[in-house]
$ cat target30.txt   # compact mmCIF, C-alpha atoms
# COMPACT_ATOMS: atom_id res chain seq x y z
CA MET A 1 19.35 0.52 -19.46
CA GLU A 2 21.06 -1.55 -22.15
CA PHE A 3 20.44 -5.09 -23.34
CA SER A 4 23.03 -7.49 -24.69
CA GLN A 5 22.39 -10.87 -26.27
CA ARG A 6 23.33 -12.57 -23.00
CA GLY A 7 21.32 -10.39 -20.67
CA LEU A 8 21.20 -7.09 -18.89
CA ILE A 9 24.15 -4.77 -18.36
CA CYS A 10 23.55 -2.40 -15.49
CA SER A 11 24.75 -0.36 -12.59
CA CYS A 12 22.85 0.57 -9.45
CA SER A 13 21.13 3.26 -11.48
CA PHE A 14 20.70 0.81 -14.40
CA ALA A 15 22.98 2.82 -16.68
CA ALA A 16 25.27 0.80 -18.95
CA CYS A 17 28.26 -0.57 -17.02
CA PRO A 18 30.95 -2.94 -18.37
CA HIS A 19 31.73 -4.33 -14.90
CA MET A 20 28.39 -5.98 -14.20
CA SER A 21 26.19 -8.36 -16.17
CA PHE A 22 23.72 -11.18 -15.62
CA SER A 23 24.03 -14.49 -17.42
CA ILE A 24 20.27 -14.83 -17.97
CA ASP A 25 18.14 -12.94 -20.42
CA LEU A 26 16.02 -10.48 -18.42
CA ARG A 27 14.11 -8.98 -21.30
CA PRO A 28 10.98 -11.00 -20.37
CA ALA A 29 11.41 -9.69 -16.82
CA CYS A 30 11.23 -6.11 -18.04
CA ARG A 31 8.08 -6.85 -20.00
CA ALA A 32 6.63 -8.73 -17.05
CA LEU A 33 7.21 -5.92 -14.61
CA SER A 34 5.65 -3.47 -17.04
CA LEU A 35 2.47 -5.51 -16.55
CA VAL A 36 2.35 -4.24 -12.98
CA LEU A 37 2.19 -0.72 -14.37
CA LEU A 38 -0.48 -1.63 -16.88
CA LEU A 39 -2.65 -3.20 -14.21
CA ALA A 40 -2.39 -0.05 -12.21
CA THR A 41 -3.53 2.15 -15.10
CA PRO A 42 -2.62 4.85 -14.94
CA VAL A 43 0.81 3.87 -13.76
CA GLY A 44 3.18 5.11 -10.99
CA SER A 45 2.54 6.37 -7.47
CA HIS A 46 3.50 8.75 -4.72
CA ALA A 47 4.07 7.32 -1.26
CA ALA A 48 0.73 7.52 0.50
CA ARG A 49 -1.04 5.80 3.35
CA PRO A 50 -3.52 3.28 1.91
CA GLU A 51 -7.07 3.87 3.15
CA GLU A 52 -8.89 1.07 4.92
CA ASP A 53 -11.77 1.10 2.45
CA MET A 54 -9.51 0.45 -0.55
CA GLN A 55 -10.27 -3.04 -1.86
CA VAL A 56 -7.84 -4.68 -4.32
CA LYS A 57 -7.91 -8.28 -5.53
CA VAL A 58 -5.45 -9.86 -7.98
CA SER A 59 -5.56 -13.37 -9.43
CA ARG A 60 -3.73 -15.33 -12.11
CA GLN A 61 -4.80 -18.20 -14.33
CA GLY A 62 -2.05 -19.38 -16.60
CA ASP A 63 -0.61 -16.33 -18.34
CA VAL A 64 -3.68 -14.17 -17.68
CA VAL A 65 -3.63 -11.72 -14.77
CA THR A 66 -6.82 -10.05 -13.59
CA ALA A 67 -7.26 -7.29 -11.04
CA HIS A 68 -10.32 -5.81 -9.37
CA ALA A 69 -10.29 -2.74 -7.15
CA GLN A 70 -12.80 -0.35 -5.65
CA PHE A 71 -12.70 2.77 -3.53
CA ALA A 72 -14.89 5.71 -2.60
CA VAL A 73 -13.86 9.35 -2.76
CA PRO A 74 -15.87 12.38 -1.54
CA VAL A 75 -15.84 14.24 -4.86
CA SER A 76 -18.31 14.44 -7.72
CA ALA A 77 -18.16 11.94 -10.57
CA ARG A 78 -17.24 14.82 -12.85
CA GLN A 79 -14.22 15.70 -10.71
CA ALA A 80 -13.08 12.07 -10.50
CA TYR A 81 -13.49 11.63 -14.25
CA ALA A 82 -11.44 14.77 -14.92
CA VAL A 83 -8.47 13.32 -13.01
CA LEU A 84 -8.73 9.88 -14.62
CA THR A 85 -8.68 11.42 -18.11
CA ASP A 86 -6.03 14.09 -17.53
CA TYR A 87 -3.34 12.14 -19.38
CA ASP A 88 -1.40 15.24 -20.42
CA HIS A 89 -0.69 16.10 -16.76
CA MET A 90 -0.39 12.68 -15.12
CA THR A 91 3.36 13.04 -14.67
CA ASP A 92 2.51 15.74 -12.10
CA PHE A 93 0.84 13.30 -9.71
CA LEU A 94 1.98 9.81 -10.76
CA ALA A 95 5.64 9.53 -9.83
CA ASP A 96 6.71 6.59 -12.02
CA LEU A 97 5.59 8.29 -15.22
CA ASP A 98 8.22 10.08 -17.28
CA GLU A 99 5.88 10.66 -20.21
CA SER A 100 2.13 10.80 -20.56
CA ARG A 101 0.48 12.50 -23.50
CA ILE A 102 -2.55 12.33 -25.72
CA LEU A 103 -1.51 11.47 -29.26
CA SER A 104 -4.92 12.05 -30.81
CA ARG A 105 -8.50 12.41 -29.73
CA THR A 106 -12.04 12.33 -31.03
CA GLU A 107 -15.33 13.10 -29.34
CA ASP A 108 -15.52 9.67 -27.75
CA SER A 109 -11.95 8.30 -27.65
CA MET A 110 -8.26 9.07 -27.12
CA LEU A 111 -4.98 7.52 -28.20
CA VAL A 112 -2.55 7.85 -25.29
CA ARG A 113 1.17 7.15 -24.92
CA GLN A 114 2.70 6.54 -21.49
CA ALA A 115 6.27 5.66 -20.53
CA GLY A 116 8.39 5.61 -17.40
CA LYS A 117 10.09 3.33 -14.90
CA VAL A 118 8.70 1.07 -12.21
CA ARG A 119 11.00 1.10 -9.20
CA PHE A 120 11.66 -1.90 -6.99
CA GLY A 121 14.26 -1.10 -4.34
CA TRP A 122 17.65 -0.34 -5.88
CA PHE A 123 16.71 -0.97 -9.50
CA SER A 124 14.15 0.27 -12.00
CA ILE A 125 12.48 -1.30 -15.02
CA PRO A 126 11.38 0.81 -18.02
CA PHE A 127 7.97 0.48 -19.60
CA GLU A 128 6.11 2.07 -22.48
CA TYR A 129 2.84 1.49 -24.28
CA VAL A 130 0.12 3.12 -26.35
CA ARG A 131 -3.48 2.57 -25.38
CA ARG A 132 -6.80 3.48 -26.95
CA VAL A 133 -9.25 4.90 -24.41
CA GLU A 134 -12.99 4.86 -25.05
CA LEU A 135 -14.74 7.69 -23.22
CA PHE A 136 -18.13 7.60 -21.50
CA PRO A 137 -18.09 11.01 -19.75
CA GLY A 138 -18.71 10.93 -16.03
CA THR A 139 -19.45 7.20 -15.93
CA ARG A 140 -16.80 4.95 -17.48
CA LEU A 141 -13.42 4.59 -19.24
CA VAL A 142 -12.49 1.54 -21.30
CA SER A 143 -8.90 1.19 -22.52
CA HIS A 144 -7.08 -1.33 -24.70
CA VAL A 145 -3.33 -1.58 -25.21
CA VAL A 146 -2.49 -1.36 -28.92
CA SER A 147 1.33 -1.51 -28.72
CA GLY A 148 4.21 -1.52 -26.26
CA SER A 149 5.63 -3.55 -23.38
CA VAL A 150 2.51 -5.60 -22.64
CA LYS A 151 1.17 -8.09 -25.15
CA GLN A 152 -2.50 -7.50 -24.39
CA GLY A 153 -4.37 -5.48 -21.78
CA ASP A 154 -7.93 -4.30 -21.21
CA VAL A 155 -9.03 -1.98 -18.41
CA THR A 156 -12.47 -0.71 -17.44
CA THR A 157 -12.87 2.01 -14.82
CA SER A 158 -16.45 2.82 -13.74
CA LEU A 159 -17.80 5.71 -11.68
CA GLN A 160 -21.00 5.72 -9.60
CA ALA A 161 -22.36 8.54 -7.47
CA LEU A 162 -23.43 7.24 -4.06
CA ASN A 163 -24.32 9.13 -0.86
CA GLY A 164 -22.35 12.24 -1.74
CA GLN A 165 -19.31 10.29 -2.91
CA THR A 166 -18.09 8.67 -6.09
CA VAL A 167 -17.38 4.95 -6.04
CA VAL A 168 -14.59 4.09 -8.46
CA THR A 169 -14.48 0.47 -9.67
CA TYR A 170 -11.48 -0.75 -11.62
CA ASP A 171 -11.18 -4.03 -13.56
CA SER A 172 -8.14 -5.10 -15.56
CA LYS A 173 -7.23 -8.18 -17.57
CA ALA A 174 -3.82 -8.66 -19.16
CA THR A 175 -2.14 -11.51 -21.00
CA LEU A 176 1.37 -12.04 -19.73
CA GLY A 177 2.81 -14.97 -21.66
CA TYR A 178 5.77 -15.44 -19.27
CA TRP A 179 6.40 -15.86 -15.56
CA LEU A 180 6.71 -12.95 -13.14
CA PRO A 181 10.33 -12.83 -11.87
CA PHE A 182 11.94 -11.58 -8.67
CA GLY A 183 9.13 -12.95 -6.50
CA ILE A 184 6.63 -10.48 -7.94
CA GLY A 185 3.35 -12.19 -7.08
CA ASP A 186 -0.28 -11.33 -6.50
CA THR A 187 0.38 -9.53 -3.22
CA ALA A 188 3.06 -7.29 -4.72
CA ILE A 189 0.86 -6.39 -7.69
CA ALA A 190 -2.11 -5.65 -5.42
CA SER A 191 0.04 -3.44 -3.20
CA ARG A 192 1.24 -1.37 -6.16
CA ILE A 193 -2.27 -1.01 -7.56
CA GLN A 194 -3.43 0.19 -4.15
CA LYS A 195 -0.70 2.84 -4.02
CA ASP A 196 -1.49 4.00 -7.55
CA LEU A 197 -5.20 4.32 -6.85
CA GLU A 198 -4.47 6.17 -3.63
CA SER A 199 -2.38 8.67 -5.61
CA LEU A 200 -5.32 9.22 -7.93
CA ARG A 201 -7.70 9.66 -5.00
CA LEU A 202 -5.38 12.18 -3.38
CA GLU A 203 -5.26 14.17 -6.62
CA MET A 204 -9.07 14.14 -6.81
CA LEU A 205 -9.28 15.48 -3.26
CA ARG A 206 -6.59 18.10 -3.91
CA ARG A 207 -8.44 19.43 -6.94
CA LYS A 208 -11.72 19.55 -5.06
CA GLN A 209 -10.09 21.55 -2.30
CA SER A 210 -8.52 23.90 -4.84
CA ALA A 211 -11.83 24.40 -6.62
CA GLY A 212 -13.68 25.10 -3.36
CA ALA A 213 -16.30 23.19 -1.45
CA GLY A 214 -19.13 24.68 -3.49
CA ASP A 215 -18.37 22.58 -6.61

$ encode --input "target30.txt" --output "structure tokens"
Amino acid sequence: MEFSQRGLICSCSFAACPHMSFSIDLRPACRALSLVLLLATPVGSHAARPEEDMQVKVSRQGDVVTAHAQFAVPVSARQAYAVLTDYDHMTDFLADLDESRILSRTEDSMLVRQAGKVRFGWFSIPFEYVRRVELFPGTRLVSHVVSGSVKQGDVTTSLQALNGQTVVTYDSKATLGYWLPFGIGDTAIASRIQKDLESLRLEMLRRKQSAGAGD
């Protein structure tokens, strides 16, 4: 992907191409679409059938976008937490991530860099950001974007053991500062979040199966 002063130069694969350009500046669009990935935190997804009990709500007020989601998964809170914090291996199960790595860590926090592309049909939009993640083992993760494609973003993911399952509750709030282009609205954001969370749930179930039912 390459930007000019007038706009975006691209081909179908979004490589630089002198035969195609847009007359509007799409740099805000790239930053806006990266918000979708932030809201999904972690970002990216494999194609998966959404479960009926997956609840996702998205709303906007001015330039602030909030998202709330909840789902249950029949694994322990420890197993769910292990997947949610496995940033060094997230490219293995989150398809839109090209890079995910822990830059530094302490006993109760991590500094994480993630980058990749969000794909919408025939084109893709790059994203990248660094977030600080506060760790509350087995119960909660709280992350804050410190640099990158999104101006401001806060995410809290909570875990609660209930009737042999773990209920995962996700809340995100991000400041956009510009309009969402290409008809990307609340429904589209909610759909992507749902796919991302389903990918995480599938990875939790896969690891439980690999570890054996006795865990």

$ closest_residue --input "target30.txt" --among "A:Val146, A:Leu97, A:Met54, A:Val167" --to "A:Val133" --atoms "only C-alpha atoms"
A:Val146

$ closest_residue --input "target30.txt" --among "A:Arg132, A:Arg113, A:Lys151, A:Lys195" --to "A:Ala95" --atoms "all atoms listed in the file"
A:Lys195

$ residues_around --input "target30.txt" --residues "A:Gly148" --least-positions-apart "6" --cutoff "10 Å" --atoms "all atoms listed in the file" --output "PyMOL selection string"
chain A and resi 31+34+113-115+127-131

$ residues_near_point --input "target30.txt" --point "(-10.2, -0.1, -8.0)" --cutoff "6 Å" --atoms "all atoms listed in the file" --output "PyMOL selection string"
chain A and resi 68-71+169-170

$ residues_near_point --input "target30.txt" --point "(-16.9, 7.5, -20.5)" --cutoff "9 Å" --atoms "only C-alpha atoms" --output "ChimeraX atom specification"
/A:81,108-109,133-142,157-158

$ atom_distance --input "target30.txt" --atom1 "atom CA of A:Val73" --atom2 "atom CA of A:Glu203"
10.6 Å

$ closest_residue --input "target30.txt" --among "A:Ala67, A:Val56, A:Ala72, A:Ala190" --to "A:Val155" --atoms "only C-alpha atoms"
A:Ala67

$ atom_distance --input "target30.txt" --atom1 "atom CA of A:Met204" --atom2 "atom CA of A:Asp88"
15.7 Å

$ axis_aligned_box --input "target30.txt" --around "stretch 131-143 of chain A" --padding-each-side "5 Å" --output "AutoDock Vina command-line options"
--center_x -11.5 --center_y 6.1 --center_z -21.4 --size_x 26.0 --size_y 19.8 --size_z 21.0

$ atom_distance --input "target30.txt" --atom1 "atom CA of A:Ile102" --atom2 "atom CA of A:Ala174"
22.0 Å

$ closest_residue --input "target30.txt" --among "A:Gly185, A:Thr175, A:Val168, A:Lys57" --to "A:Leu197" --atoms "all atoms listed in the file"
A:Val168
